[in-house]
Amino acid sequence: MTKKKPQQTLKKGLHPRNPHRQRYDFDVLIESCPPLAPFVSENKFGDLSVDFSNPDAVKMINKALLKHFYQVEHWDIPPGYLCPPIPGRADYLHYIADLLAESNEGAIPKGRQVQGLDIGVGANCAYPIVGHRVYGWNFVAADIDPLSIKSAKFIVEANSTLAGGIKCRLQKNPDHIFEGMINSNDIFDFTMCNPPFHRSLEEATAGSERKVKNLSANARKKGTRGFEKPKKNESGVLNFGGQKAELWCPGGEAAFINRMIKQSVETASQCFWFTTLVSKKENLSAIYKALKQVGAVDVRTIDMAQGQKLTRVVAWTFLTSEQQKEWREERWMR
């Protein structure tokens with residue numbers, strides 16, 4: 001499988017602590033995860049790559065990344081569920097670490113005393129895995145889909161490296177985001193969410209097709225290597241994966257985040273930072289307006305760039321400066 005390796009250029013925009021900033025070293029990944037080998041072949045540029053139109057190949061490279069970088073031996077997801085790119089998932093967590101550090105005199109709080117809540121963990125459990133393995137944080141992994149929770153729970157129980165670090169909770173009421181997931185005795189240092197950003201299945205499918213066209217055009221323009229255009233399956237759906245709750249909801253991203261903001265007030269004193277990804281820049285003004293209406297004390301916007309994709313994290317807290325200081329002293333300086 002050994003092939004002359006291309007120059008290890010850094011991927012644009014990824015966080016400086018993200019270990020995935022360089023192009024994939026397939027020889028190293030195959031050594032860590034031998035089942036990846038059948039999916040790796042020489043592309044038309046003479047480099048080793050995988051066919052990203054093949055969902056099995058995408059899942060296998062995720063499995064290899066999780067095993068090599070995060071010591072997760074056993075990872076899988078049910079057919080048809082979202083298979084997220086691990087580098088992007090890692091970026092969100094590193095920026096959360098920076099946010100916590102700003103409230104902790106520049107030092108990233110690490111260890112099990114730091115508690116995170118992942119809203120919409122999905123079947124892949126990627127955020128809690130990376131956050132626990134990199135920073136030692138504990139997580140509650142929440143989702144409205146029973147199969148997603150079953151899958152995430154199986155991943156946690158199958159890996160000794162995750163033991164005791166991730167609890168999975170099924171949200172039985174899809175109208176609730178924090179109620180039932182943040183119990184009366186729970187304290188969270190942060191919440192995180194990658195909200196469904198489409199308003200319908202039709203919009204999600206159209207968005208996926210635009211993404212493919214844009215990626216293909218950029219690849220041709222820049223001579224990018226290792227990109228193959230994803231194909232449609234027999235039902236005409238692009239092979240990105242994802243169930244309804246993972247990709248779309250009534251009102252899309254804007255409605256979901258607005259509901260999250262309003263409901264965050266109910267547990268304002270039990271969480272330091274509420275955070276969410278915001279994919280659509282045009283939604284920001286309404287988000288800021290909603291946060292002002294609920295009385296958020298501090299609001300941050302963190303820009304993230306992953307290649308050609310631009311996104312951001314919006315974070316808010318209801319804690320005053322004095323309350324933030326007390327939180328730090330009680331939880332992070334023990």
# chains A, B, ... in the order shown; residues from 1 in each chain; ligands from 1
>>> residues_around(residues="Ile261 in chain A", least_positions_apart="3", cutoff="9 Å", atoms="only C-alpha atoms", output="list in words")
Phe256, Ile257, Asn258, Ser264, Val265, Phe274, Ile287, Ala290, Leu291, Val294 and Trp316 of chain A
>>> write_last_selection(atoms="C-alpha atoms", output="PDB file, in the first residue's frame")
ATOM      1  CA  PHE A 256     -34.643  25.128  16.429  1.00  0.00           C
ATOM      2  CA  ILE A 257     -32.102  27.601  17.812  1.00  0.00           C
ATOM      3  CA  ASN A 258     -34.826  30.090  18.763  1.00  0.00           C
ATOM      4  CA  SER A 264     -32.244  27.777  28.088  1.00  0.00           C
ATOM      5  CA  VAL A 265     -33.710  30.332  30.511  1.00  0.00           C
ATOM      6  CA  PHE A 274     -24.910  27.365  26.200  1.00  0.00           C
ATOM      7  CA  ILE A 287     -30.445  34.824  17.211  1.00  0.00           C
ATOM      8  CA  ALA A 290     -33.700  36.419  20.850  1.00  0.00           C
ATOM      9  CA  LEU A 291     -30.714  36.340  23.220  1.00  0.00           C
ATOM     10  CA  VAL A 294     -34.172  36.458  27.264  1.00  0.00           C
ATOM     11  CA  TRP A 316     -24.333  32.663  25.639  1.00  0.00           C
TER      12      TRP A 316
END
>>> residues_around(residues="range 56-65 of chain A", least_positions_apart="3", cutoff="10 Å", atoms="only C-alpha atoms", output="ChimeraX atom specification")
/A:20,24,26,28-40,50-53,68-77,79,82-87,124,126,239-240
>>> atom_distance(atom1="CA of Phe272 in chain A", atom2="CA of Tyr127 in chain A")
18.4 Å
>>> residues_around(residues="Lys280 in chain A", least_positions_apart="5", cutoff="10 Å", atoms="only C-alpha atoms", output="list in words")
Phe197, Glu253, Ala254, Leu310, Thr311 and Arg312 of chain A
>>> write_last_selection(atoms="N, CA, C and O atoms", output="PDB file, in the first residue's frame")
ATOM      1  N   PHE A 197     -30.521  21.836  10.131  1.00  0.00           N
ATOM      2  CA  PHE A 197     -30.645  23.178   9.561  1.00  0.00           C
ATOM      3  C   PHE A 197     -31.568  23.266   8.355  1.00  0.00           C
ATOM      4  O   PHE A 197     -31.804  24.350   7.837  1.00  0.00           O
ATOM      5  N   GLU A 253     -33.043  25.391  10.955  1.00  0.00           N
ATOM      6  CA  GLU A 253     -32.069  25.814  11.956  1.00  0.00           C
ATOM      7  C   GLU A 253     -32.556  27.003  12.786  1.00  0.00           C
ATOM      8  O   GLU A 253     -32.426  27.014  14.015  1.00  0.00           O
ATOM      9  N   ALA A 254     -33.141  27.983  12.136  1.00  0.00           N
ATOM     10  CA  ALA A 254     -33.552  29.202  12.838  1.00  0.00           C
ATOM     11  C   ALA A 254     -34.579  28.901  13.916  1.00  0.00           C
ATOM     12  O   ALA A 254     -34.476  29.397  15.049  1.00  0.00           O
ATOM     13  N   LEU A 310     -17.740  27.717   5.763  1.00  0.00           N
ATOM     14  CA  LEU A 310     -17.670  28.702   6.831  1.00  0.00           C
ATOM     15  C   LEU A 310     -18.861  28.502   7.752  1.00  0.00           C
ATOM     16  O   LEU A 310     -20.006  28.412   7.299  1.00  0.00           O
ATOM     17  N   THR A 311     -18.618  28.429   9.025  1.00  0.00           N
ATOM     18  CA  THR A 311     -19.680  28.293  10.007  1.00  0.00           C
ATOM     19  C   THR A 311     -19.255  29.029  11.264  1.00  0.00           C
ATOM     20  O   THR A 311     -18.199  29.657  11.294  1.00  0.00           O
ATOM     21  N   ARG A 312     -20.080  28.976  12.291  1.00  0.00           N
ATOM     22  CA  ARG A 312     -19.720  29.673  13.515  1.00  0.00           C
ATOM     23  C   ARG A 312     -20.439  29.029  14.694  1.00  0.00           C
ATOM     24  O   ARG A 312     -21.434  28.321  14.542  1.00  0.00           O
TER      25      ARG A 312
END
>>> residues_around(residues="Ser184 in chain A", least_positions_apart="3", cutoff="12 Å", atoms="only C-alpha atoms", output="number ranges by chain")
A: 178-181, 187-188, 266-271
>>> select_by_dssp(residues="range 3-53 of chain A", states="strand (DSSP E or B)", output="PDB file with all heavy atoms, in the first residue's frame")
ATOM      1  N   LEU A  10      -1.159  21.915   5.442  1.00  0.00           N
ATOM      2  CA  LEU A  10      -2.198  22.021   6.449  1.00  0.00           C
ATOM      3  C   LEU A  10      -3.531  22.344   5.801  1.00  0.00           C
ATOM      4  O   LEU A  10      -3.607  23.128   4.851  1.00  0.00           O
ATOM      5  CB  LEU A  10      -1.834  23.103   7.465  1.00  0.00           C
ATOM      6  CG  LEU A  10      -0.580  22.865   8.296  1.00  0.00           C
ATOM      7  CD1 LEU A  10      -0.351  24.034   9.246  1.00  0.00           C
ATOM      8  CD2 LEU A  10      -0.673  21.561   9.071  1.00  0.00           C
ATOM      9  N   GLN A  22      -3.489  18.028   8.899  1.00  0.00           N
ATOM     10  CA  GLN A  22      -2.765  17.546   7.728  1.00  0.00           C
ATOM     11  C   GLN A  22      -3.601  16.542   6.953  1.00  0.00           C
ATOM     12  O   GLN A  22      -4.551  15.958   7.477  1.00  0.00           O
ATOM     13  CB  GLN A  22      -1.444  16.913   8.155  1.00  0.00           C
ATOM     14  CG  GLN A  22      -0.460  17.897   8.781  1.00  0.00           C
ATOM     15  CD  GLN A  22       0.874  17.244   9.098  1.00  0.00           C
ATOM     16  OE1 GLN A  22       0.954  16.036   9.276  1.00  0.00           O
ATOM     17  NE2 GLN A  22       1.913  18.053   9.183  1.00  0.00           N
ATOM     18  N   VAL A  40      -9.005   1.893   0.158  1.00  0.00           N
ATOM     19  CA  VAL A  40      -7.998   2.867  -0.260  1.00  0.00           C
ATOM     20  C   VAL A  40      -7.400   2.437  -1.594  1.00  0.00           C
ATOM     21  O   VAL A  40      -7.005   1.287  -1.772  1.00  0.00           O
ATOM     22  CB  VAL A  40      -6.889   2.999   0.802  1.00  0.00           C
ATOM     23  CG1 VAL A  40      -5.811   3.979   0.340  1.00  0.00           C
ATOM     24  CG2 VAL A  40      -7.478   3.456   2.133  1.00  0.00           C
ATOM     25  N   SER A  41      -7.334   3.371  -2.521  1.00  0.00           N
ATOM     26  CA  SER A  41      -6.755   3.078  -3.829  1.00  0.00           C
ATOM     27  C   SER A  41      -6.148   4.344  -4.405  1.00  0.00           C
ATOM     28  O   SER A  41      -6.340   5.449  -3.879  1.00  0.00           O
ATOM     29  CB  SER A  41      -7.818   2.521  -4.784  1.00  0.00           C
ATOM     30  OG  SER A  41      -8.859   3.464  -4.969  1.00  0.00           O
ATOM     31  N   GLU A  42      -5.427   4.189  -5.476  1.00  0.00           N
ATOM     32  CA  GLU A  42      -4.787   5.333  -6.127  1.00  0.00           C
ATOM     33  C   GLU A  42      -5.815   6.081  -6.958  1.00  0.00           C
ATOM     34  O   GLU A  42      -6.548   5.487  -7.758  1.00  0.00           O
ATOM     35  CB  GLU A  42      -3.641   4.839  -7.010  1.00  0.00           C
ATOM     36  CG  GLU A  42      -2.828   5.949  -7.643  1.00  0.00           C
ATOM     37  CD  GLU A  42      -1.649   5.399  -8.451  1.00  0.00           C
ATOM     38  OE1 GLU A  42      -1.006   4.444  -7.969  1.00  0.00           O
ATOM     39  OE2 GLU A  42      -1.398   5.904  -9.557  1.00  0.00           O
ATOM     40  N   LEU A  48      -3.008   8.224  -2.862  1.00  0.00           N
ATOM     41  CA  LEU A  48      -3.925   7.312  -2.188  1.00  0.00           C
ATOM     42  C   LEU A  48      -5.131   8.100  -1.686  1.00  0.00           C
ATOM     43  O   LEU A  48      -5.000   9.201  -1.160  1.00  0.00           O
ATOM     44  CB  LEU A  48      -3.235   6.624  -1.013  1.00  0.00           C
ATOM     45  CG  LEU A  48      -2.077   5.682  -1.364  1.00  0.00           C
ATOM     46  CD1 LEU A  48      -1.476   5.086  -0.106  1.00  0.00           C
ATOM     47  CD2 LEU A  48      -2.556   4.571  -2.303  1.00  0.00           C
ATOM     48  N   SER A  49      -6.317   7.522  -1.835  1.00  0.00           N
ATOM     49  CA  SER A  49      -7.539   8.179  -1.398  1.00  0.00           C
ATOM     50  C   SER A  49      -8.624   7.127  -1.203  1.00  0.00           C
ATOM     51  O   SER A  49      -8.390   5.940  -1.403  1.00  0.00           O
ATOM     52  CB  SER A  49      -7.981   9.227  -2.425  1.00  0.00           C
ATOM     53  OG  SER A  49      -9.083   9.969  -1.936  1.00  0.00           O
ATOM     54  N   VAL A  50      -9.790   7.576  -0.786  1.00  0.00           N
ATOM     55  CA  VAL A  50     -10.955   6.702  -0.707  1.00  0.00           C
ATOM     56  C   VAL A  50     -12.074   7.317  -1.534  1.00  0.00           C
ATOM     57  O   VAL A  50     -12.060   8.520  -1.831  1.00  0.00           O
ATOM     58  CB  VAL A  50     -11.437   6.504   0.751  1.00  0.00           C
ATOM     59  CG1 VAL A  50     -10.354   5.874   1.596  1.00  0.00           C
ATOM     60  CG2 VAL A  50     -11.907   7.812   1.352  1.00  0.00           C
TER      61      VAL A  50
END
>>> residues_around(residues="range 98-102 of chain A", least_positions_apart="3", cutoff="10 Å", atoms="only C-alpha atoms", output="ChimeraX atom specification")
/A:93-95,105-110,114,189-190,272-273,300,302,315,328,332
>>> residues_around(residues="Glu330 in chain A", least_positions_apart="3", cutoff="12 Å", atoms="only C-alpha atoms", output="list of chain:residue names")
A:Asn104, A:Gln113, A:Val114, A:Ile187, A:Asp189, A:Gln323, A:Gln324, A:Lys325, A:Glu326, A:Trp327, A:Met333, A:Arg334
